[in-house]
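Report on the structure given below.
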Amino acid sequence: MTERSIIFFIAVFVAFSDVTGQEMSYGPGYQTILQNNPAFTGSEGDGYLRLSYLNFYPGNNYNLNSVFVSYDSYISGIHGGAGFFLADDYLGGIINDLRGGFSYAYHFQAGRDIFINAGLSASCYYRGFNNGEIILPDQIDPLNGVTYPSGESITERGRAVFDISTGVMVMTGRFIAALSVIHLTTPELSGSGVQSDRINRRLNLNLAGKFVLNTDRKIVARPVVMAELESGNVSGGLGTSLENNSFSLSAVILTGSAKNIDLQAGCSLKTGRILLFYNYKFNLHSNNKMVPASLMHQAGVTLSLNYVDKRKIINTINFPKL
């Protein structure tokens with residue numbers, strides 16, 4: 001097989017070895033939280049535009065890249081937050097997954113110090129194929145390499161499906177707890193009609209807190225806990241973010257049913273209305289020799305586009321900067 005075809009097959013195997021639903025997972029970061037739990041929509045109050053670029057298994061030429069964009073804000077006239085997200089996953093130069101959706105979260109007060117957000121999102125999921133990059137078995141010549149054209153043909157066409165997700169978030173004092181169910185419609189992208197080809201429902205749990213460590217320097221610790229359950233496979237993480245008004249450092253330990261132990265470390269820098277952030281995820285231990293040490297780079301920017309009068313909002317939070 002040629003180098004290009006070997007890279008593609010390895011890339012697809014590695015990318016989906018720990019993801020039963022055959023979709024890219026962006027990890028525990030809060031900068032892409034909108035597509036994992038619509039209840040977070042508008043929960044920071046001001047209107048924020050978030051842009052992320054993710055490179056999976058960097059340094060291995062797997063060509064697995066994702067771009068994520070979202071915007072959300074609190075809108076007093078609808079008693080909650082509204083927003084949208086777009087995500088494009090480019091897998092090995094052959095598969096292209098494009099997702100886009102809108103989300104809404106209703107904010108209400110359930111007690112003297114208990115606030116609840118109930119969210120719902122509707123999205124479209126499109127999977128396209130670049131058939132020109134696929135090398136079929138009859139094209140492989142042991143002496144001359146790849147030969148064109150192929151005697152076989154691939155008629156795989158792009159397919160679009162509709163999806164719905166829902167979530168709830170509870171805020172009390174310095175703590176937040178959020179639960180969501182993603183892929184309520186269990187969309188099936190292959191068009192085969194086979195149940196096993198559907199993207200399974202995923203249950204997400206997020207917990208976070210806020211503890212002031214130094215009032216003079218405004219240093220805040222934000223411990224985080226996250227967990228995912230999908231088709232019997234469990235994964236989770238535990239970590240914290242140390243922040244002040246302009247800088248933050250974060251670290252999260254991740255593990256799951258695959259028995260991998262990963263570490264995601266990151267930092268951010270805020271100046272005015274602009275937040276720059278970077279995360280690096282790498283494998284500490286794995287029983288799967290195919291898993292590289294370097295798992296993901298994530299770089300991005302968050303822009304505060306519009307200010308919302310906080311006096312008109314029931315309650316707002318600040319996301320952990322990771």
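Identifiers for the structure tokens are assigned positionally: chains receive A, B, ... in sequence, residues are indexed from 1 per chain, and ligands are indexed from 1 in the order shown.
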Using only C-alpha atoms, determine which residues lie at most 9 Å from stretch 100-103 of chain A, disregarding the query and same-chain residues fewer than 3 positions distant; provide the list as a PyMOL selection string. chain A and resi 34-35+38-39+41+72+81-88+119-126+163+165
Just N, CA and C atoms for this one: save the residues we selected as a PDB file, in the first residue's frame.
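This is the output file selection-v3.pdb:
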```
ATOM      1  N   LEU A  34     -20.844  24.683  24.069  1.00  0.00           N
ATOM      2  CA  LEU A  34     -22.179  24.939  23.539  1.00  0.00           C
ATOM      3  C   LEU A  34     -22.743  23.747  22.780  1.00  0.00           C
ATOM      4  N   GLN A  35     -21.887  22.968  22.108  1.00  0.00           N
ATOM      5  CA  GLN A  35     -22.413  21.828  21.370  1.00  0.00           C
ATOM      6  C   GLN A  35     -22.579  20.596  22.260  1.00  0.00           C
ATOM      7  N   PRO A  38     -26.638  22.598  25.658  1.00  0.00           N
ATOM      8  CA  PRO A  38     -27.268  23.885  25.312  1.00  0.00           C
ATOM      9  C   PRO A  38     -27.680  24.709  26.523  1.00  0.00           C
ATOM     10  N   ALA A  39     -27.702  24.118  27.733  1.00  0.00           N
ATOM     11  CA  ALA A  39     -28.072  24.870  28.928  1.00  0.00           C
ATOM     12  C   ALA A  39     -27.059  25.960  29.257  1.00  0.00           C
ATOM     13  N   THR A  41     -25.990  28.084  27.185  1.00  0.00           N
ATOM     14  CA  THR A  41     -26.216  29.197  26.275  1.00  0.00           C
ATOM     15  C   THR A  41     -26.579  30.473  27.042  1.00  0.00           C
ATOM     16  N   ASP A  72     -22.975  33.111  21.630  1.00  0.00           N
ATOM     17  CA  ASP A  72     -24.153  33.050  22.494  1.00  0.00           C
ATOM     18  C   ASP A  72     -24.192  34.284  23.386  1.00  0.00           C
ATOM     19  N   GLY A  81     -30.845  32.652  27.163  1.00  0.00           N
ATOM     20  CA  GLY A  81     -29.751  32.815  26.220  1.00  0.00           C
ATOM     21  C   GLY A  81     -30.053  32.181  24.883  1.00  0.00           C
ATOM     22  N   ALA A  82     -29.507  32.763  23.822  1.00  0.00           N
ATOM     23  CA  ALA A  82     -29.644  32.218  22.476  1.00  0.00           C
ATOM     24  C   ALA A  82     -28.280  32.219  21.818  1.00  0.00           C
ATOM     25  N   GLY A  83     -28.055  31.259  20.929  1.00  0.00           N
ATOM     26  CA  GLY A  83     -26.763  31.192  20.267  1.00  0.00           C
ATOM     27  C   GLY A  83     -26.758  30.193  19.129  1.00  0.00           C
ATOM     28  N   PHE A  84     -25.616  30.092  18.474  1.00  0.00           N
ATOM     29  CA  PHE A  84     -25.438  29.132  17.388  1.00  0.00           C
ATOM     30  C   PHE A  84     -24.025  28.566  17.453  1.00  0.00           C
ATOM     31  N   PHE A  85     -23.810  27.447  16.802  1.00  0.00           N
ATOM     32  CA  PHE A  85     -22.471  26.870  16.691  1.00  0.00           C
ATOM     33  C   PHE A  85     -22.297  26.237  15.320  1.00  0.00           C
ATOM     34  N   LEU A  86     -21.052  26.245  14.840  1.00  0.00           N
ATOM     35  CA  LEU A  86     -20.648  25.590  13.603  1.00  0.00           C
ATOM     36  C   LEU A  86     -19.379  24.799  13.882  1.00  0.00           C
ATOM     37  N   ALA A  87     -19.309  23.587  13.359  1.00  0.00           N
ATOM     38  CA  ALA A  87     -18.116  22.755  13.545  1.00  0.00           C
ATOM     39  C   ALA A  87     -17.828  22.013  12.252  1.00  0.00           C
ATOM     40  N   ASP A  88     -16.567  21.949  11.884  1.00  0.00           N
ATOM     41  CA  ASP A  88     -16.146  21.239  10.677  1.00  0.00           C
ATOM     42  C   ASP A  88     -15.005  20.305  11.038  1.00  0.00           C
ATOM     43  N   GLY A 119     -31.983  23.968  28.581  1.00  0.00           N
ATOM     44  CA  GLY A 119     -31.596  24.275  27.210  1.00  0.00           C
ATOM     45  C   GLY A 119     -32.016  23.229  26.199  1.00  0.00           C
ATOM     46  N   LEU A 120     -32.137  23.680  24.952  1.00  0.00           N
ATOM     47  CA  LEU A 120     -32.479  22.803  23.837  1.00  0.00           C
ATOM     48  C   LEU A 120     -31.747  23.305  22.601  1.00  0.00           C
ATOM     49  N   SER A 121     -31.211  22.390  21.810  1.00  0.00           N
ATOM     50  CA  SER A 121     -30.545  22.771  20.563  1.00  0.00           C
ATOM     51  C   SER A 121     -31.035  21.892  19.420  1.00  0.00           C
ATOM     52  N   ALA A 122     -31.116  22.491  18.251  1.00  0.00           N
ATOM     53  CA  ALA A 122     -31.470  21.781  17.023  1.00  0.00           C
ATOM     54  C   ALA A 122     -30.350  22.010  16.021  1.00  0.00           C
ATOM     55  N   SER A 123     -29.902  20.939  15.386  1.00  0.00           N
ATOM     56  CA  SER A 123     -28.747  21.060  14.501  1.00  0.00           C
ATOM     57  C   SER A 123     -28.887  20.159  13.288  1.00  0.00           C
ATOM     58  N   CYS A 124     -28.048  20.443  12.306  1.00  0.00           N
ATOM     59  CA  CYS A 124     -27.951  19.621  11.098  1.00  0.00           C
ATOM     60  C   CYS A 124     -26.539  19.070  11.004  1.00  0.00           C
ATOM     61  N   TYR A 125     -26.425  17.808  10.669  1.00  0.00           N
ATOM     62  CA  TYR A 125     -25.148  17.108  10.615  1.00  0.00           C
ATOM     63  C   TYR A 125     -24.967  16.605   9.178  1.00  0.00           C
ATOM     64  N   TYR A 126     -23.925  17.071   8.506  1.00  0.00           N
ATOM     65  CA  TYR A 126     -23.683  16.661   7.128  1.00  0.00           C
ATOM     66  C   TYR A 126     -22.329  15.972   7.020  1.00  0.00           C
ATOM     67  N   ASP A 163     -30.650  16.640  14.091  1.00  0.00           N
ATOM     68  CA  ASP A 163     -30.324  16.164  15.431  1.00  0.00           C
ATOM     69  C   ASP A 163     -30.852  17.151  16.470  1.00  0.00           C
ATOM     70  N   SER A 165     -30.507  18.054  20.852  1.00  0.00           N
ATOM     71  CA  SER A 165     -29.860  17.818  22.140  1.00  0.00           C
ATOM     72  C   SER A 165     -30.550  18.671  23.200  1.00  0.00           C
TER      73      SER A 165
END
```
Please provide as JSON, numbers by chain all residues within 9 Å of stretch 285-300 of chain A, with the sequence filter that same-chain residues fewer than 2 positions apart are discarded (counting only C-alpha atoms). {"A": [10, 13, 14, 17, 26, 31, 50, 51, 52, 53, 54, 55, 56, 57, 58, 59, 60, 258, 259, 260, 261, 262, 264, 266, 275, 276, 277, 278, 279, 280, 281, 282, 283, 302]}
Suppose we keep N, CA and C atoms; can you now write the selection as a CSV table (one decimal), in the first residue's frame?
```csv
chain,number,residue,atom,x,y,z
A,10,ILE,N,-4.7,4.2,9.1
A,10,ILE,CA,-4.3,4.3,10.5
A,10,ILE,C,-5.0,5.5,11.2
A,13,PHE,N,-8.6,4.5,12.1
A,13,PHE,CA,-8.6,3.5,13.2
A,13,PHE,C,-8.3,4.2,14.5
A,14,VAL,N,-7.3,5.0,14.5
A,14,VAL,CA,-6.9,5.7,15.7
A,14,VAL,C,-8.0,6.7,16.2
A,17,SER,N,-11.0,4.7,17.6
A,17,SER,CA,-10.7,3.6,18.5
A,17,SER,C,-11.4,3.8,19.9
A,26,TYR,N,-14.0,16.8,21.3
A,26,TYR,CA,-13.2,17.9,21.4
A,26,TYR,C,-12.6,18.0,22.8
A,31,GLN,N,-14.5,26.0,26.0
A,31,GLN,CA,-14.7,26.9,24.9
A,31,GLN,C,-15.5,26.3,23.8
A,50,ARG,N,-16.7,32.5,20.1
A,50,ARG,CA,-15.6,31.6,20.4
A,50,ARG,C,-15.1,30.9,19.1
A,51,LEU,N,-13.8,30.9,18.9
A,51,LEU,CA,-13.3,30.3,17.7
A,51,LEU,C,-12.1,29.3,18.2
A,52,SER,N,-12.2,28.1,17.7
A,52,SER,CA,-11.2,27.1,18.1
A,52,SER,C,-10.7,26.4,16.9
A,53,TYR,N,-9.4,26.1,16.9
A,53,TYR,CA,-8.8,25.2,15.9
A,53,TYR,C,-8.2,24.0,16.6
A,54,LEU,N,-8.5,22.8,16.2
A,54,LEU,CA,-8.0,21.6,16.9
A,54,LEU,C,-7.3,20.7,15.9
A,55,ASN,N,-6.1,20.3,16.3
A,55,ASN,CA,-5.3,19.4,15.4
A,55,ASN,C,-5.1,18.1,16.2
A,56,PHE,N,-5.7,17.0,15.7
A,56,PHE,CA,-5.6,15.7,16.5
A,56,PHE,C,-4.4,14.9,16.1
A,57,TYR,N,-3.7,14.3,17.0
A,57,TYR,CA,-2.5,13.4,16.8
A,57,TYR,C,-1.5,14.2,16.0
A,58,PRO,N,-1.1,15.4,16.4
A,58,PRO,CA,-0.2,16.2,15.7
A,58,PRO,C,1.2,15.5,15.5
A,59,GLY,N,1.9,15.8,14.4
A,59,GLY,CA,3.2,15.2,14.2
A,59,GLY,C,3.2,13.8,13.6
A,60,ASN,N,2.0,13.3,13.3
A,60,ASN,CA,1.9,11.9,12.7
A,60,ASN,C,1.3,11.9,11.3
A,258,ALA,N,-11.5,2.7,28.0
A,258,ALA,CA,-10.4,2.3,27.2
A,258,ALA,C,-9.1,2.1,28.0
A,259,LYS,N,-9.1,2.6,29.3
A,259,LYS,CA,-8.0,2.5,30.2
A,259,LYS,C,-6.8,3.3,29.8
A,260,ASN,N,-7.1,4.3,29.0
A,260,ASN,CA,-6.0,5.3,28.7
A,260,ASN,C,-6.0,6.3,29.9
A,261,ILE,N,-4.8,6.9,30.1
A,261,ILE,CA,-4.7,8.0,31.1
A,261,ILE,C,-4.0,9.2,30.3
A,262,ASP,N,-4.8,10.2,30.2
A,262,ASP,CA,-4.4,11.4,29.4
A,262,ASP,C,-4.3,12.6,30.3
A,264,GLN,N,-4.6,16.9,29.9
A,264,GLN,CA,-4.7,18.1,29.1
A,264,GLN,C,-4.3,19.3,29.9
A,266,GLY,N,-3.3,23.6,29.8
A,266,GLY,CA,-3.6,24.7,29.0
A,266,GLY,C,-3.3,26.0,29.7
A,275,LEU,N,-9.7,37.1,24.6
A,275,LEU,CA,-9.1,36.0,25.4
A,275,LEU,C,-8.5,35.1,24.4
A,276,LEU,N,-7.2,34.9,24.6
A,276,LEU,CA,-6.4,33.9,23.8
A,276,LEU,C,-6.2,32.6,24.6
A,277,PHE,N,-6.4,31.5,24.1
A,277,PHE,CA,-6.2,30.2,24.9
A,277,PHE,C,-5.6,29.1,24.0
A,278,TYR,N,-4.9,28.2,24.8
A,278,TYR,CA,-4.2,27.1,24.1
A,278,TYR,C,-4.3,25.9,25.1
A,279,ASN,N,-4.6,24.7,24.5
A,279,ASN,CA,-4.6,23.5,25.3
A,279,ASN,C,-3.8,22.4,24.5
A,280,TYR,N,-3.1,21.6,25.3
A,280,TYR,CA,-2.4,20.5,24.7
A,280,TYR,C,-2.7,19.2,25.5
A,281,LYS,N,-3.1,18.2,24.8
A,281,LYS,CA,-3.5,16.9,25.4
A,281,LYS,C,-2.6,15.9,24.9
A,282,PHE,N,-2.0,15.1,25.9
A,282,PHE,CA,-1.1,14.0,25.6
A,282,PHE,C,-1.4,12.8,26.4
A,283,ASN,N,-1.0,11.7,25.9
A,283,ASN,CA,-1.2,10.4,26.6
A,283,ASN,C,-0.1,10.0,27.6
A,302,THR,N,-11.5,34.0,22.2
A,302,THR,CA,-12.8,34.3,22.6
A,302,THR,C,-13.0,35.9,22.6
```
Test item: residues at most 8 Å from A:Pro28, only C-alpha atoms, excluding those fewer than 4 positions along its chain, as a PDB file with N, CA and C atoms, in the first residue's frame:
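Contents of the output file selection_22.pdb:
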```pdb
ATOM      1  N   MET A 226     -15.780  16.230  34.970  1.00  0.00           N
ATOM      2  CA  MET A 226     -16.625  15.937  33.825  1.00  0.00           C
ATOM      3  C   MET A 226     -16.685  14.436  33.589  1.00  0.00           C
ATOM      4  N   GLY A 237     -13.027  13.094  33.672  1.00  0.00           N
ATOM      5  CA  GLY A 237     -11.847  13.887  33.945  1.00  0.00           C
ATOM      6  C   GLY A 237     -11.989  14.688  35.220  1.00  0.00           C
ATOM      7  N   LEU A 322     -10.519  26.893  30.289  1.00  0.00           N
ATOM      8  CA  LEU A 322      -9.838  25.711  29.740  1.00  0.00           C
ATOM      9  C   LEU A 322     -10.653  25.137  28.585  1.00  0.00           C
TER      10      LEU A 322
END
```
Please report, as a ChimeraX atom specification, each residue of stretch 54-261 of chain A to which DSSP assigns strand (DSSP E) when run on this structure's backbone. /A:54-56,64-75,80-91,95-111,114-129,140-141,145-146,159-172,175-182,202-209,211-214,219-230,233-243,247-256,261
Please, could you write that set of residues out with C-alpha atoms as a compact mmCIF listing (two decimals), in the first residue's frame?
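The resulting file, part_36.txt, is shown below:
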```
# COMPACT_ATOMS: atom_id res chain seq x y z
CA LEU A 54 -8.01 21.60 16.87
CA ASN A 55 -5.31 19.37 15.44
CA PHE A 56 -5.60 15.72 16.48
CA LEU A 64 -7.28 15.18 11.37
CA ASN A 65 -8.39 18.76 11.95
CA SER A 66 -11.44 20.52 13.35
CA VAL A 67 -12.67 24.10 13.43
CA PHE A 68 -15.34 25.22 15.90
CA VAL A 69 -17.18 28.56 16.01
CA SER A 70 -19.97 29.60 18.37
CA TYR A 71 -21.74 32.71 19.58
CA ASP A 72 -24.15 33.05 22.49
CA SER A 73 -25.57 35.84 24.63
CA TYR A 74 -28.23 36.49 27.23
CA ILE A 75 -31.31 38.25 25.82
CA GLY A 80 -32.67 33.36 28.56
CA GLY A 81 -29.75 32.82 26.22
CA ALA A 82 -29.64 32.22 22.48
CA GLY A 83 -26.76 31.19 20.27
CA PHE A 84 -25.44 29.13 17.39
CA PHE A 85 -22.47 26.87 16.69
CA LEU A 86 -20.65 25.59 13.60
CA ALA A 87 -18.12 22.76 13.55
CA ASP A 88 -16.15 21.24 10.68
CA ASP A 89 -14.22 17.99 11.18
CA TYR A 90 -11.79 17.17 8.36
CA LEU A 91 -10.73 13.52 8.66
CA ILE A 95 -14.32 12.42 5.32
CA ASN A 96 -15.70 15.87 6.10
CA ASP A 97 -18.25 16.26 8.90
CA LEU A 98 -20.02 19.62 9.02
CA ARG A 99 -22.30 20.45 11.95
CA GLY A 100 -24.33 23.54 12.61
CA GLY A 101 -27.11 24.36 15.02
CA PHE A 102 -29.00 26.84 17.16
CA SER A 103 -29.52 26.64 20.91
CA TYR A 104 -31.75 28.30 23.49
CA ALA A 105 -31.66 28.16 27.28
CA TYR A 106 -34.43 29.43 29.54
CA HIS A 107 -33.04 30.99 32.75
CA PHE A 108 -35.14 31.02 35.90
CA GLN A 109 -34.75 31.26 39.67
CA ALA A 110 -35.95 28.23 41.62
CA GLY A 111 -35.06 29.44 45.13
CA ILE A 114 -30.81 28.33 43.27
CA PHE A 115 -30.82 29.18 39.56
CA ILE A 116 -31.67 26.77 36.74
CA ASN A 117 -31.04 26.90 32.99
CA ALA A 118 -32.97 24.51 30.74
CA GLY A 119 -31.60 24.27 27.21
CA LEU A 120 -32.48 22.80 23.84
CA SER A 121 -30.54 22.77 20.56
CA ALA A 122 -31.47 21.78 17.02
CA SER A 123 -28.75 21.06 14.50
CA CYS A 124 -27.95 19.62 11.10
CA TYR A 125 -25.15 17.11 10.61
CA TYR A 126 -23.68 16.66 7.13
CA ARG A 127 -21.07 14.04 6.18
CA GLY A 128 -19.32 14.43 2.85
CA PHE A 129 -16.70 12.32 1.08
CA ILE A 140 -2.02 -0.65 -5.91
CA ASP A 141 0.82 -2.00 -8.01
CA GLY A 145 2.83 2.25 -6.87
CA VAL A 146 -0.64 3.71 -7.44
CA ARG A 159 -25.75 12.78 3.66
CA ALA A 160 -27.43 15.29 5.95
CA VAL A 161 -29.39 14.42 9.08
CA PHE A 162 -31.27 16.35 11.77
CA ASP A 163 -30.32 16.16 15.43
CA ILE A 164 -31.61 17.45 18.79
CA SER A 165 -29.86 17.82 22.14
CA THR A 166 -31.07 18.98 25.53
CA GLY A 167 -29.53 19.89 28.87
CA VAL A 168 -30.04 21.45 32.27
CA MET A 169 -27.72 23.42 34.55
CA VAL A 170 -28.14 24.25 38.25
CA MET A 171 -26.21 27.10 39.89
CA THR A 172 -26.07 27.64 43.62
CA PHE A 175 -21.01 25.67 42.42
CA ILE A 176 -22.57 24.64 39.12
CA ALA A 177 -23.80 21.23 37.96
CA ALA A 178 -24.89 20.48 34.40
CA LEU A 179 -26.33 17.40 32.70
CA SER A 180 -27.10 16.95 29.01
CA VAL A 181 -28.24 14.33 26.52
CA ILE A 182 -26.68 14.69 23.07
CA ARG A 202 -24.33 10.60 24.86
CA LEU A 203 -24.85 11.65 28.45
CA ASN A 204 -22.59 14.51 29.64
CA LEU A 205 -22.01 15.62 33.22
CA ASN A 206 -20.14 18.81 34.18
CA LEU A 207 -19.38 20.04 37.69
CA ALA A 208 -17.43 23.17 38.56
CA GLY A 209 -16.75 25.42 41.52
CA PHE A 211 -12.79 29.40 45.30
CA VAL A 212 -11.00 32.70 45.87
CA LEU A 213 -7.39 31.99 46.93
CA ASN A 214 -6.01 35.52 47.09
CA ILE A 219 -6.52 34.57 42.14
CA VAL A 220 -9.38 32.11 41.72
CA ALA A 221 -9.34 28.30 41.59
CA ARG A 222 -12.05 26.63 39.53
CA PRO A 223 -12.07 22.85 40.09
CA VAL A 224 -13.86 20.88 37.37
CA VAL A 225 -15.24 17.36 37.04
CA MET A 226 -16.63 15.94 33.83
CA ALA A 227 -17.98 12.56 32.73
CA GLU A 228 -19.43 11.02 29.56
CA LEU A 229 -21.50 7.88 29.08
CA GLU A 230 -22.08 6.56 25.59
CA ASN A 233 -18.47 3.35 27.54
CA VAL A 234 -17.57 5.72 30.36
CA SER A 235 -14.93 8.44 30.36
CA GLY A 236 -14.22 11.24 32.78
CA GLY A 237 -11.85 13.89 33.94
CA LEU A 238 -10.80 15.80 37.04
CA GLY A 239 -8.80 19.01 37.15
CA THR A 240 -8.65 22.69 37.96
CA SER A 241 -8.04 26.10 36.49
CA LEU A 242 -6.09 28.83 38.32
CA GLU A 243 -7.04 32.29 37.11
CA PHE A 247 -3.96 34.97 32.94
CA SER A 248 -4.87 31.35 33.68
CA LEU A 249 -3.29 27.90 33.89
CA SER A 250 -5.27 24.65 33.78
CA ALA A 251 -4.72 20.89 33.97
CA VAL A 252 -7.18 17.99 33.65
CA ILE A 253 -6.50 14.25 34.06
CA LEU A 254 -8.68 12.08 31.80
CA THR A 255 -9.43 8.36 31.74
CA GLY A 256 -12.17 5.95 30.71
CA ILE A 261 -4.68 8.00 31.07
```
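Distances here use only C-alpha atoms; by that measure, the residue among A:Lys270, A:Gly173, A:Leu189, A:Asp46 closest to A:Val308 is A:Asp46.
Using only C-alpha atoms, the shortest contact distance between A:His79 and any of A:Arg201, A:Gly27, A:Asn315, A:Ser304 is found at A:Asn315.
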